[in-house]
>>> print(open('upload-v8.tsv').read())   # TSV, C-alpha atoms
chain	number	residue	atom	x	y	z
V	13	MET	CA	15.78	-16.05	4.94
V	14	ASN	CA	17.94	-15.33	7.95
V	15	GLY	CA	19.87	-12.22	8.95
V	16	GLU	CA	19.17	-8.67	9.95
V	17	VAL	CA	16.77	-6.67	7.78
V	18	THR	CA	18.11	-3.32	6.60
V	19	GLY	CA	17.20	-0.74	3.97
V	20	ARG	CA	14.01	-0.59	1.91
V	21	ARG	CA	13.31	-4.28	1.71
V	22	VAL	CA	9.85	-5.79	1.84
V	23	PHE	CA	8.67	-9.38	1.72
V	24	PHE	CA	5.49	-9.46	-0.37
V	25	VAL	CA	3.37	-12.43	0.73
V	26	VAL	CA	0.82	-13.24	-1.97
V	27	PRO	CA	-1.22	-16.13	-3.41
V	28	ASP	CA	0.85	-18.25	-5.78
V	29	ALA	CA	-1.53	-17.48	-8.64
V	30	ILE	CA	-0.34	-13.87	-8.88
V	31	ASP	CA	1.26	-14.39	-12.32
V	32	ASP	CA	-0.93	-17.24	-13.57
V	33	PRO	CA	-2.25	-16.08	-16.98
V	34	GLU	CA	-5.37	-18.21	-16.60
V	35	ARG	CA	-6.28	-16.89	-13.14
V	36	VAL	CA	-6.45	-13.19	-13.81
V	37	SER	CA	-8.16	-11.15	-11.10
V	38	GLY	CA	-8.20	-7.57	-9.96
V	39	GLY	CA	-6.34	-8.55	-6.81
V	40	ASN	CA	-3.57	-10.32	-8.72
V	41	LEU	CA	-3.20	-7.42	-11.14
V	42	TYR	CA	-3.04	-4.95	-8.25
V	43	ASP	CA	-0.34	-7.00	-6.52
V	44	GLN	CA	1.66	-7.23	-9.76
V	45	ARG	CA	1.59	-3.48	-10.30
V	46	VAL	CA	2.53	-2.73	-6.68
V	47	ARG	CA	5.44	-5.19	-6.91
V	48	ASP	CA	6.70	-3.69	-10.15
V	49	GLY	CA	6.19	-0.12	-8.95
V	50	LEU	CA	8.13	-0.69	-5.71
V	51	ARG	CA	11.00	-2.31	-7.60
V	52	ALA	CA	11.10	0.58	-10.05
V	53	ASP	CA	11.48	2.93	-7.07
V	54	GLY	CA	14.45	1.03	-5.70
V	55	TRP	CA	12.78	-1.27	-3.17
V	56	GLU	CA	14.08	-4.78	-2.78
V	57	VAL	CA	10.88	-6.79	-3.12
V	58	ARG	CA	11.14	-10.46	-2.23
V	59	MET	CA	8.09	-12.37	-3.36
V	60	VAL	CA	6.76	-15.07	-1.04
V	61	LEU	CA	4.22	-17.24	-2.89
V	62	VAL	CA	1.63	-19.09	-0.81
V	63	THR	CA	-0.39	-21.97	-2.18
V	64	GLY	CA	-4.12	-22.21	-1.63
V	65	ARG	CA	-3.96	-26.00	-1.46
V	66	GLY	CA	-4.17	-27.16	2.12
V	67	ALA	CA	-3.98	-25.26	5.38
V	68	GLY	CA	-1.21	-23.54	7.29
V	69	TRP	CA	0.89	-22.33	4.38
V	70	THR	CA	0.70	-18.63	5.25
V	71	GLY	CA	1.95	-19.38	8.74
V	72	ARG	CA	4.82	-21.43	7.34
V	73	ALA	CA	5.74	-18.62	4.96
V	74	LEU	CA	5.76	-15.98	7.69
V	75	ALA	CA	7.82	-18.23	9.95
V	76	GLN	CA	10.63	-18.18	7.37
V	77	LEU	CA	10.95	-14.39	7.44
V	78	PRO	CA	13.75	-12.83	9.53
V	79	GLU	CA	13.11	-11.07	12.81
V	80	GLY	CA	11.82	-7.51	12.30
V	81	ALA	CA	11.11	-8.03	8.60
V	82	LEU	CA	8.64	-5.79	6.82
V	83	ALA	CA	5.94	-8.07	5.38
V	84	LEU	CA	3.27	-6.86	2.98
V	85	VAL	CA	0.52	-9.50	3.11
V	86	ASP	CA	-2.28	-9.90	0.59
V	87	GLY	CA	-5.66	-9.68	2.30
V	88	LEU	CA	-6.88	-12.93	0.77
V	89	LEU	CA	-4.24	-14.77	2.78
V	90	ALA	CA	-5.01	-12.75	5.90
V	91	ALA	CA	-8.69	-13.65	5.60
V	92	ARG	CA	-7.96	-17.31	4.89
V	93	GLU	CA	-5.43	-17.78	7.70
V	94	PRO	CA	-5.76	-14.91	10.19
V	95	GLU	CA	-4.12	-16.90	12.97
V	96	ALA	CA	-0.85	-16.74	11.02
V	97	LEU	CA	-0.70	-12.94	11.25
V	98	ILE	CA	-1.64	-13.00	14.93
V	99	ALA	CA	1.07	-15.57	15.69
V	100	HIS	CA	3.85	-13.59	13.97
V	101	ALA	CA	2.81	-10.04	14.86
V	102	SER	CA	5.33	-9.83	17.72
V	103	ARG	CA	8.31	-10.43	15.44
V	104	LEU	CA	7.31	-8.92	12.06
V	105	ARG	CA	6.21	-5.53	10.80
V	106	LEU	CA	2.98	-6.51	9.10
V	107	VAL	CA	1.16	-4.43	6.50
V	108	ALA	CA	-2.02	-5.87	4.99
V	109	VAL	CA	-3.43	-5.13	1.53
V	110	VAL	CA	-7.21	-5.50	1.75
V	111	HIS	CA	-8.89	-5.76	-1.64
V	112	MET	CA	-12.35	-6.71	-0.44
V	113	VAL	CA	-14.48	-7.05	2.68
V	114	ASP	CA	-16.90	-9.90	2.02
V	115	GLY	CA	-19.55	-9.57	4.69
V	116	LEU	CA	-18.88	-9.67	8.41
V	117	LEU	CA	-15.31	-10.38	9.48
V	118	THR	CA	-14.76	-13.19	11.95
V	119	ASP	CA	-13.23	-12.39	15.31
V	120	ASP	CA	-9.90	-13.87	14.17
V	121	GLN	CA	-9.94	-11.85	10.94
V	122	THR	CA	-10.59	-8.66	12.88
V	123	ALA	CA	-7.79	-9.50	15.31
V	124	ALA	CA	-5.39	-10.20	12.42
V	125	LEU	CA	-6.01	-6.78	10.92
V	126	ARG	CA	-5.67	-5.09	14.30
V	127	VAL	CA	-2.11	-6.36	14.72
V	128	ALA	CA	-0.99	-4.91	11.38
V	129	HIS	CA	1.07	-1.72	11.49
V	130	ARG	CA	-0.82	-0.38	8.49
V	131	ILE	CA	-3.69	-1.50	6.28
V	132	ILE	CA	-3.81	-0.58	2.62
V	133	ALA	CA	-7.39	-0.56	1.32
V	134	THR	CA	-7.97	-0.49	-2.42
V	135	SER	CA	-11.03	1.76	-2.20
V	136	GLY	CA	-12.71	4.22	0.13
V	137	TRP	CA	-15.61	1.79	0.40
V	138	THR	CA	-13.27	-0.95	1.65
V	139	ARG	CA	-11.77	1.43	4.21
V	140	ALA	CA	-15.25	2.41	5.41
V	141	GLU	CA	-16.22	-1.24	5.80
V	142	LEU	CA	-13.10	-1.93	7.87
V	143	LEU	CA	-13.78	1.04	10.12
V	144	GLU	CA	-17.43	0.04	10.49
V	145	GLN	CA	-16.29	-3.35	11.76
V	146	ASP	CA	-13.62	-1.82	14.02
V	147	ALA	CA	-10.83	-3.67	12.23
V	148	ALA	CA	-8.29	-0.86	12.78
V	149	ASP	CA	-7.83	2.69	13.97
V	150	ALA	CA	-8.61	5.23	11.25
V	151	HIS	CA	-5.06	6.61	11.07
V	152	ARG	CA	-3.67	3.17	10.24
V	153	ILE	CA	-5.83	2.59	7.15
V	154	VAL	CA	-4.81	4.30	3.90
V	155	VAL	CA	-6.55	4.09	0.54
V	156	ALA	CA	-4.44	3.29	-2.52
V	157	HIS	CA	-6.85	3.05	-5.43
V	158	PRO	CA	-5.84	0.96	-8.45
V	159	GLY	CA	-4.51	2.97	-11.37
V	160	THR	CA	-4.63	2.75	-15.13
V	161	ASP	CA	-2.11	3.20	-17.92
V	162	PRO	CA	-2.48	5.75	-20.73
V	163	ALA	CA	-4.38	4.10	-23.56
V	164	PRO	CA	-5.45	5.04	-27.08
V	165	ALA	CA	-8.98	6.36	-27.44
V	166	THR	CA	-11.57	4.00	-28.86
V	167	GLU	CA	-13.46	5.17	-31.94
V	168	ALA	CA	-17.17	4.65	-31.35
V	169	SER	CA	-19.31	2.97	-33.98
V	170	ALA	CA	-22.40	4.65	-35.42
V	171	SER	CA	-24.79	2.05	-33.99
V	172	GLY	CA	-23.30	1.66	-30.51
V	173	GLY	CA	-23.89	-2.06	-30.81
V	174	ARG	CA	-20.52	-3.36	-29.60
V	175	LEU	CA	-20.90	-4.35	-25.94
V	176	LEU	CA	-18.02	-5.52	-23.77
V	177	CYS	CA	-17.87	-7.12	-20.32
V	178	VAL	CA	-14.47	-7.70	-18.72
V	179	ALA	CA	-14.73	-9.92	-15.65
V	180	ALA	CA	-14.27	-13.53	-14.65
V	181	VAL	CA	-17.45	-15.29	-15.77
V	182	ALA	CA	-18.95	-16.08	-12.38
V	183	PRO	CA	-22.19	-15.39	-10.48
V	184	HIS	CA	-20.80	-12.49	-8.42
V	185	LYS	CA	-20.03	-10.61	-11.63
V	186	GLY	CA	-23.66	-10.83	-12.77
V	187	HIS	CA	-23.25	-12.29	-16.24
V	188	ASP	CA	-26.57	-14.08	-15.82
V	189	LEU	CA	-28.26	-10.69	-15.39
V	190	LEU	CA	-26.61	-9.37	-18.54
V	191	VAL	CA	-27.67	-12.42	-20.55
V	192	ARG	CA	-31.27	-12.08	-19.36
V	193	ALA	CA	-31.27	-8.40	-20.33
V	194	LEU	CA	-29.82	-9.17	-23.77
V	195	ILE	CA	-32.43	-11.85	-24.44
V	196	GLY	CA	-34.93	-9.01	-24.48
V	197	PHE	CA	-33.14	-7.69	-27.59
V	198	ALA	CA	-33.09	-10.96	-29.48
V	199	ASP	CA	-35.16	-9.36	-32.25
V	200	ARG	CA	-32.43	-6.78	-32.95
V	201	ASP	CA	-29.58	-7.75	-35.23
V	202	ASP	CA	-27.33	-4.74	-34.68
V	203	TRP	CA	-25.47	-5.70	-31.50
V	204	THR	CA	-22.86	-8.13	-30.22
V	205	CYS	CA	-21.45	-8.72	-26.75
V	206	THR	CA	-17.94	-9.96	-25.93
V	207	LEU	CA	-17.31	-11.52	-22.53
V	208	VAL	CA	-13.64	-11.27	-21.60
V	209	GLY	CA	-12.54	-13.15	-18.49
V	210	SER	CA	-11.75	-16.53	-17.01
V	211	LEU	CA	-14.14	-19.36	-17.84
V	212	HIS	CA	-12.74	-21.61	-15.10
V	213	VAL	CA	-13.97	-19.96	-11.90
V	214	ASP	CA	-17.39	-21.62	-12.16
V	215	PRO	CA	-17.60	-23.92	-15.22
V	216	ASP	CA	-21.19	-24.98	-14.45
V	217	PHE	CA	-22.27	-21.32	-14.45
V	218	VAL	CA	-20.55	-20.78	-17.81
V	219	GLU	CA	-22.23	-23.84	-19.29
V	220	ALA	CA	-25.64	-22.70	-18.07
V	221	LEU	CA	-25.15	-19.33	-19.77
V	222	ARG	CA	-24.08	-21.00	-23.02
V	223	THR	CA	-27.15	-23.26	-22.94
V	224	GLN	CA	-29.46	-20.33	-22.27
V	225	LEU	CA	-28.00	-18.32	-25.17
V	226	ASP	CA	-28.15	-21.28	-27.52
V	227	THR	CA	-31.81	-21.92	-26.63
V	228	VAL	CA	-32.83	-18.40	-27.69
V	229	GLY	CA	-30.58	-18.29	-30.74
V	230	LEU	CA	-28.03	-15.78	-29.42
V	231	ALA	CA	-24.99	-18.04	-29.19
V	232	ASP	CA	-23.42	-16.32	-32.20
V	233	ARG	CA	-24.03	-12.84	-30.80
V	234	VAL	CA	-22.49	-13.30	-27.35
V	235	ARG	CA	-18.86	-14.41	-27.53
V	236	PHE	CA	-17.00	-16.03	-24.62
V	237	ALA	CA	-13.48	-14.81	-25.32
V	238	GLY	CA	-11.82	-16.14	-22.18
V	239	VAL	CA	-8.83	-14.39	-20.64
V	240	LEU	CA	-7.12	-11.88	-22.93
V	241	HIS	CA	-3.77	-10.18	-22.47
V	242	GLY	CA	-1.71	-7.47	-24.12
V	243	SER	CA	-2.67	-6.56	-27.66
V	244	ALA	CA	-5.67	-8.91	-27.65
V	245	LEU	CA	-7.15	-7.14	-24.62
V	246	GLU	CA	-6.36	-3.75	-26.16
V	247	ALA	CA	-8.19	-4.86	-29.31
V	248	ALA	CA	-11.24	-5.79	-27.21
V	249	TYR	CA	-11.41	-2.27	-25.74
V	250	ALA	CA	-10.75	-0.74	-29.16
V	251	GLY	CA	-13.70	-2.68	-30.55
V	252	ALA	CA	-16.19	-1.66	-27.84
V	253	ASP	CA	-18.85	1.04	-27.67
V	254	LEU	CA	-20.10	0.33	-24.14
V	255	MET	CA	-18.67	-1.51	-21.15
V	256	VAL	CA	-21.31	-3.40	-19.16
V	257	LEU	CA	-20.45	-4.67	-15.68
V	258	PRO	CA	-23.55	-5.87	-13.74
V	259	SER	CA	-21.63	-7.06	-10.66
V	260	ARG	CA	-23.41	-8.12	-7.49
V	261	THR	CA	-20.39	-7.11	-5.43
V	262	GLU	CA	-17.32	-5.06	-6.26
V	263	SER	CA	-14.64	-3.49	-4.08
V	264	TYR	CA	-13.57	-1.07	-6.80
V	265	GLY	CA	-14.07	-1.92	-10.47
V	266	MET	CA	-10.73	-1.97	-12.24
V	267	ALA	CA	-12.29	-2.97	-15.56
V	268	VAL	CA	-14.55	0.09	-15.37
V	269	ALA	CA	-11.55	2.38	-14.83
V	270	GLU	CA	-9.75	0.65	-17.70
V	271	ALA	CA	-12.71	1.13	-20.04
V	272	LEU	CA	-12.82	4.84	-19.23
V	273	ALA	CA	-9.07	5.06	-19.84
V	274	HIS	CA	-9.90	3.95	-23.39
V	275	GLY	CA	-12.76	6.41	-23.73
V	276	VAL	CA	-15.44	3.71	-23.49
V	277	PRO	CA	-18.56	4.69	-21.47
V	278	VAL	CA	-19.91	2.38	-18.82
V	279	LEU	CA	-23.14	0.74	-17.70
V	280	ALA	CA	-22.60	-0.82	-14.28
V	281	THR	CA	-24.20	-1.53	-10.93
V	282	ALA	CA	-23.89	0.86	-7.99
V	283	VAL	CA	-22.29	-1.63	-5.61
V	284	GLY	CA	-19.42	-1.36	-3.17
V	285	GLY	CA	-16.55	0.80	-4.33
V	286	LEU	CA	-17.42	0.62	-8.02
V	287	PRO	CA	-18.59	4.27	-8.25
V	288	GLU	CA	-15.09	5.32	-7.13
V	289	ALA	CA	-13.68	3.94	-10.41
V	290	ILE	CA	-15.67	6.48	-12.45
V	291	ALA	CA	-13.47	9.55	-12.86
V	292	VAL	CA	-16.19	11.56	-14.64
V	293	PRO	CA	-19.73	10.73	-13.42
V	294	GLN	CA	-21.32	11.71	-16.74
V	295	ALA	CA	-19.38	8.89	-18.43
V	296	ALA	CA	-21.39	6.14	-16.77
V	297	VAL	CA	-24.89	4.99	-15.96
V	298	LEU	CA	-25.25	3.15	-12.67
V	299	VAL	CA	-28.20	0.89	-11.91
V	300	PRO	CA	-29.21	-1.11	-8.80
V	301	PRO	CA	-27.71	-4.61	-8.46
V	302	ASP	CA	-29.75	-7.66	-9.45
V	303	ASP	CA	-32.06	-5.53	-11.60
V	304	VAL	CA	-32.46	-7.01	-15.08
V	305	TRP	CA	-35.20	-4.55	-15.93
V	306	ALA	CA	-32.92	-1.57	-15.22
V	307	LEU	CA	-30.18	-3.04	-17.42
V	308	HIS	CA	-32.71	-3.59	-20.20
V	309	VAL	CA	-34.08	-0.03	-19.96
V	310	VAL	CA	-30.65	1.60	-20.06
V	311	LEU	CA	-29.60	-0.51	-23.04
V	312	GLN	CA	-32.83	0.38	-24.80
V	313	GLN	CA	-32.18	4.08	-24.19
V	314	TRP	CA	-28.58	3.70	-25.33
V	315	TRP	CA	-29.61	2.29	-28.69
V	316	ALA	CA	-32.67	4.52	-29.17
V	317	ASP	CA	-30.92	7.86	-28.58
V	318	PRO	CA	-27.79	8.69	-30.63
V	319	GLU	CA	-27.42	11.99	-28.78
V	320	ARG	CA	-27.29	10.17	-25.44
V	321	ARG	CA	-24.61	7.86	-26.83
V	322	ARG	CA	-22.57	10.81	-28.03
V	323	ALA	CA	-22.83	12.58	-24.65
V	324	LEU	CA	-21.75	9.49	-22.69
V	325	THR	CA	-18.90	8.82	-25.10
V	326	ALA	CA	-17.73	12.44	-24.92
V	327	ALA	CA	-17.66	12.24	-21.13
V	328	ALA	CA	-15.74	8.95	-21.32
V	329	LEU	CA	-13.13	10.60	-23.54
V	330	GLU	CA	-12.86	13.38	-20.97
V	331	ALA	CA	-12.36	10.75	-18.26
V	332	ARG	CA	-9.21	9.49	-20.02
V	333	ALA	CA	-7.29	12.45	-18.62
V	334	ALA	CA	-8.93	12.32	-15.18
V	335	GLY	CA	-8.16	8.75	-14.17
V	336	ARG	CA	-5.79	7.65	-11.42
V	337	SER	CA	-2.25	6.48	-12.20
V	338	TRP	CA	-0.36	3.45	-10.93
V	339	ARG	CA	2.42	5.88	-10.00
V	340	THR	CA	0.09	7.39	-7.40
V	341	THR	CA	-0.88	3.93	-6.15
V	342	THR	CA	2.74	2.97	-5.64
V	343	SER	CA	3.53	6.24	-3.87
V	344	ILE	CA	0.74	5.68	-1.31
V	345	VAL	CA	1.85	2.08	-0.71
V	346	GLU	CA	5.43	3.26	-0.19
V	347	SER	CA	4.30	5.81	2.38
V	348	ALA	CA	2.45	3.09	4.30
V	349	LEU	CA	5.51	0.83	4.23
V	350	ASP	CA	7.78	3.66	5.37
V	351	ALA	CA	5.38	4.42	8.22
V	352	ALA	CA	5.50	0.77	9.32
V	353	LEU	CA	9.29	0.87	9.29
V	354	ALA	CA	9.28	4.08	11.31
V	355	ASP	CA	7.18	2.62	14.13
V	356	GLU	CA	10.04	2.64	16.63
V	357	GLY	CA	9.59	0.45	19.65
V	358	ARG	CA	6.54	-1.27	18.13
V	359	THR	CA	6.59	-4.63	16.44
V	360	ALA	CA	2.85	-4.79	16.03
V	361	GLY	CA	-0.18	-2.59	15.91
V	362	ARG	CA	-3.09	-2.71	18.33
V	363	THR	CA	-2.82	-6.23	19.69
V	364	GLU	CA	-5.94	-6.79	21.70
V	365	VAL	CA	-7.98	-9.76	20.55
V	366	VAL	CA	-11.73	-9.53	20.12
V	367	PRO	CA	-13.37	-11.59	22.88
V	368	SER	CA	-15.38	-14.53	21.64
>>> encode(input="upload-v8.tsv", output="structure tokens")
Amino acid sequence: MNGEVTGRRVFFVVPDAIDDPERVSGGNLYDQRVRDGLRADGWEVRMVLVTGRGAGWTGRALAQLPEGALALVDGLLAAREPEALIAHASRLRLVAVVHMVDGLLTDDQTAALRVAHRIIATSGWTRAELLEQDAADAHRIVVAHPGTDPAPATEASASGGRLLCVAAVAPHKGHDLLVRALIGFADRDDWTCTLVGSLHVDPDFVEALRTQLDTVGLADRVRFAGVLHGSALEAAYAGADLMVLPSRTESYGMAVAEALAHGVPVLATAVGGLPEAIAVPQAAVLVPPDDVWALHVVLQQWWADPERRRALTAAALEARAAGRSWRTTTSIVESALDAALADEGRTAGRTEVVPS
């Protein structure tokens, strides 16, 4: 990777699981769509895949890039190996994509973000968290929300009994809360729940949920579908009346936005940037995190009141036209990259290191 860098070329430094069909995540999907959108707009995007096995791989990857190269770095790598960004800030034009701020940043993580020319946050909540922790000057952080694609409208059932949850089955997504809430409706026979998402993030957690459902006789009502793609995922949305996402933490909520793009109303937790994914507020009910009782009450109201179901569904259909597009996402990312290229006489952003 030697030679002078010219034109609209960017090296996109990402985890090597970006295209792994069994390791689907919001971050990977976001990176895929940014990559494809930039290429469609004429950018030369060179993908640099970094393994998560062992230490030092991000630094090795950045060391291979030519002097003055524009490098778009996934925030997961920046958080895992911040010293790599600090070490190469004097020779590269670094732009970081921050999907999530998980608690307090370390001094090195803060320093790594401070040397970036621009930071692309995937939600206003993420941007606010970065500013709160003094990770960058406000003018260097832009928000490029995830988008959605146009999708056919789902036809609601009369009973509203088809529940859907799209998320990797793991504790931070709150599936245990959903299962506990559904156990309270074991005496009803007019509902099902489909869990779409990876079953490999925390196998012990998945097994505990299966055991709990089997013990109360609900194993046939709650289906673990695993990761779905393409027409199979479209069929899951087409067969849903209500999306339920009881996450304990969420930087945005791409599955929520996707459900609304299909005209499916949402029951979710008011955490992080998730409310930003709801284009029409009347299309969703938000409850506090870690509150099984609140989930149970809202589900009870959903099934008891057909008029409430119709109103939420009507608002969700309205939200189909109000959602964000991936075209807009790409445009914002391009502007951030162009700004980094235009930083004449600067190879790095604010370079001071937080004292320990």
>>> residues_around(input="upload-v8.tsv", residues="segment 310-316 of chain V", least_positions_apart="5", cutoff="8 Å", atoms="all atoms listed in the file", output="list in words")
Ser171, Gly172, Gly173, Leu279, Val297 and Arg321 of chain V
>>> residues_around(input="upload-v8.tsv", residues="Arg47 of chain V", least_positions_apart="6", cutoff="9 Å", atoms="all atoms listed in the file", output="list in words")
Phe24, Val57, Met59 and Thr342 of chain V
>>> closest_residue(input="upload-v8.tsv", among="V:Gly285, V:Pro27, V:Gly49, V:Gly66", to="Gly87 of chain V", atoms="all atoms listed in the file")
V:Pro27
>>> residues_around(input="upload-v8.tsv", residues="Lys185 of chain V", least_positions_apart="6", cutoff="9 Å", atoms="all atoms listed in the file", output="ChimeraX atom specification")
/V:179,257-262
>>> residues_around(input="upload-v8.tsv", residues="Ser135 of chain V", least_positions_apart="4", cutoff="7 Å", atoms="all atoms listed in the file", output="JSON list (two decimals) with C-alpha atoms, in the coordinates of the input")
[["chain", "number", "residue", "atom", "x", "y", "z"],
["V", 139, "ARG", "CA", -11.77, 1.43, 4.21],
["V", 155, "VAL", "CA", -6.55, 4.09, 0.54],
["V", 156, "ALA", "CA", -4.44, 3.29, -2.52],
["V", 157, "HIS", "CA", -6.85, 3.05, -5.43],
["V", 263, "SER", "CA", -14.64, -3.49, -4.08],
["V", 264, "TYR", "CA", -13.57, -1.07, -6.80],
["V", 285, "GLY", "CA", -16.55, 0.80, -4.33]]
>>> axis_aligned_box(input="upload-v8.tsv", around="segment 227-233 of chain V", padding_each_side="5 Å", output="lines of an AutoDock Vina configuration file")
center_x = -28.1
center_y = -17.4
center_z = -29.4
size_x = 19.4
size_y = 19.1
size_z = 15.6
>>> closest_residue(input="upload-v8.tsv", among="V:Asp161, V:Asp214, V:Asp253, V:Asp188", to="Leu175 of chain V", atoms="all atoms listed in the file")
V:Asp253
>>> closest_residue(input="upload-v8.tsv", among="V:Val26, V:Val218, V:Ile153, V:Ile98", to="Pro183 of chain V", atoms="all atoms listed in the file")
V:Val218
>>> residues_around(input="upload-v8.tsv", residues="Leu74 of chain V", least_positions_apart="5", cutoff="8 Å", atoms="all atoms listed in the file", output="VMD selection string")
chain V and resid 96 to 97 100
>>> closest_residue(input="upload-v8.tsv", among="V:Asp43, V:Asp302, V:Glu288, V:Glu167", to="Trp137 of chain V", atoms="only C-alpha atoms")
V:Glu288
>>> residues_near_point(input="upload-v8.tsv", point="(-9.7, 1.1, -23.8)", cutoff="7 Å", atoms="all atoms listed in the file", output="count of residues only")
14
>>> closest_residue(input="upload-v8.tsv", among="V:Cys205, V:Leu307, V:Leu349, V:Leu116", to="Trp55 of chain V", atoms="all atoms listed in the file")
V:Leu349
>>> closest_residue(input="upload-v8.tsv", among="V:Val345, V:Leu298, V:Val62, V:Ala351", to="Ile132 of chain V", atoms="only C-alpha atoms")
V:Val345
>>> build_atoms(input="upload-v8.tsv", residues="segment 216-222 of chain V", atoms="all heavy atoms", output="PDB file, in the coordinates of the input")
ATOM      1  N   ASP V 216     -19.762 -24.664 -14.341  1.00  0.00           N
ATOM      2  CA  ASP V 216     -21.190 -24.980 -14.450  1.00  0.00           C
ATOM      3  C   ASP V 216     -21.991 -23.716 -14.771  1.00  0.00           C
ATOM      4  O   ASP V 216     -22.956 -23.769 -15.553  1.00  0.00           O
ATOM      5  CB  ASP V 216     -21.704 -25.599 -13.146  1.00  0.00           C
ATOM      6  CG  ASP V 216     -21.142 -26.991 -12.907  1.00  0.00           C
ATOM      7  OD1 ASP V 216     -20.682 -27.620 -13.877  1.00  0.00           O
ATOM      8  OD2 ASP V 216     -21.153 -27.434 -11.748  1.00  0.00           O
ATOM      9  N   PHE V 217     -21.608 -22.601 -14.176  1.00  0.00           N
ATOM     10  CA  PHE V 217     -22.270 -21.320 -14.450  1.00  0.00           C
ATOM     11  C   PHE V 217     -22.069 -20.931 -15.911  1.00  0.00           C
ATOM     12  O   PHE V 217     -23.017 -20.496 -16.591  1.00  0.00           O
ATOM     13  CB  PHE V 217     -21.692 -20.257 -13.512  1.00  0.00           C
ATOM     14  CG  PHE V 217     -22.265 -18.881 -13.683  1.00  0.00           C
ATOM     15  CD1 PHE V 217     -23.540 -18.577 -13.228  1.00  0.00           C
ATOM     16  CD2 PHE V 217     -21.519 -17.879 -14.290  1.00  0.00           C
ATOM     17  CE1 PHE V 217     -24.064 -17.292 -13.376  1.00  0.00           C
ATOM     18  CE2 PHE V 217     -22.030 -16.594 -14.437  1.00  0.00           C
ATOM     19  CZ  PHE V 217     -23.308 -16.303 -13.980  1.00  0.00           C
ATOM     20  N   VAL V 218     -20.847 -21.097 -16.403  1.00  0.00           N
ATOM     21  CA  VAL V 218     -20.550 -20.780 -17.810  1.00  0.00           C
ATOM     22  C   VAL V 218     -21.390 -21.642 -18.736  1.00  0.00           C
ATOM     23  O   VAL V 218     -21.977 -21.156 -19.714  1.00  0.00           O
ATOM     24  CB  VAL V 218     -19.051 -20.968 -18.096  1.00  0.00           C
ATOM     25  CG1 VAL V 218     -18.765 -20.768 -19.590  1.00  0.00           C
ATOM     26  CG2 VAL V 218     -18.219 -19.995 -17.267  1.00  0.00           C
ATOM     27  N   GLU V 219     -21.466 -22.924 -18.438  1.00  0.00           N
ATOM     28  CA  GLU V 219     -22.230 -23.840 -19.290  1.00  0.00           C
ATOM     29  C   GLU V 219     -23.709 -23.494 -19.283  1.00  0.00           C
ATOM     30  O   GLU V 219     -24.380 -23.569 -20.333  1.00  0.00           O
ATOM     31  CB  GLU V 219     -22.013 -25.278 -18.812  1.00  0.00           C
ATOM     32  CG  GLU V 219     -22.656 -26.333 -19.709  1.00  0.00           C
ATOM     33  CD  GLU V 219     -22.162 -26.268 -21.147  1.00  0.00           C
ATOM     34  OE1 GLU V 219     -20.991 -25.922 -21.360  1.00  0.00           O
ATOM     35  OE2 GLU V 219     -22.972 -26.563 -22.064  1.00  0.00           O
ATOM     36  N   ALA V 220     -24.231 -23.089 -18.140  1.00  0.00           N
ATOM     37  CA  ALA V 220     -25.640 -22.700 -18.070  1.00  0.00           C
ATOM     38  C   ALA V 220     -25.915 -21.470 -18.923  1.00  0.00           C
ATOM     39  O   ALA V 220     -26.953 -21.386 -19.597  1.00  0.00           O
ATOM     40  CB  ALA V 220     -26.027 -22.436 -16.613  1.00  0.00           C
ATOM     41  N   LEU V 221     -24.987 -20.526 -18.926  1.00  0.00           N
ATOM     42  CA  LEU V 221     -25.150 -19.330 -19.770  1.00  0.00           C
ATOM     43  C   LEU V 221     -25.119 -19.717 -21.243  1.00  0.00           C
ATOM     44  O   LEU V 221     -25.931 -19.218 -22.043  1.00  0.00           O
ATOM     45  CB  LEU V 221     -24.047 -18.320 -19.469  1.00  0.00           C
ATOM     46  CG  LEU V 221     -24.050 -17.650 -18.097  1.00  0.00           C
ATOM     47  CD1 LEU V 221     -22.882 -16.684 -17.989  1.00  0.00           C
ATOM     48  CD2 LEU V 221     -25.361 -16.927 -17.846  1.00  0.00           C
ATOM     49  N   ARG V 222     -24.174 -20.569 -21.611  1.00  0.00           N
ATOM     50  CA  ARG V 222     -24.080 -21.000 -23.020  1.00  0.00           C
ATOM     51  C   ARG V 222     -25.378 -21.691 -23.460  1.00  0.00           C
ATOM     52  O   ARG V 222     -25.885 -21.437 -24.560  1.00  0.00           O
ATOM     53  CB  ARG V 222     -22.901 -21.967 -23.181  1.00  0.00           C
ATOM     54  CG  ARG V 222     -21.520 -21.337 -23.054  1.00  0.00           C
ATOM     55  CD  ARG V 222     -20.469 -22.387 -23.393  1.00  0.00           C
ATOM     56  NE  ARG V 222     -19.114 -21.975 -23.156  1.00  0.00           N
ATOM     57  CZ  ARG V 222     -18.358 -21.273 -24.006  1.00  0.00           C
ATOM     58  NH1 ARG V 222     -18.875 -20.901 -25.169  1.00  0.00           N
ATOM     59  NH2 ARG V 222     -17.111 -20.966 -23.713  1.00  0.00           N
TER      60      ARG V 222
END
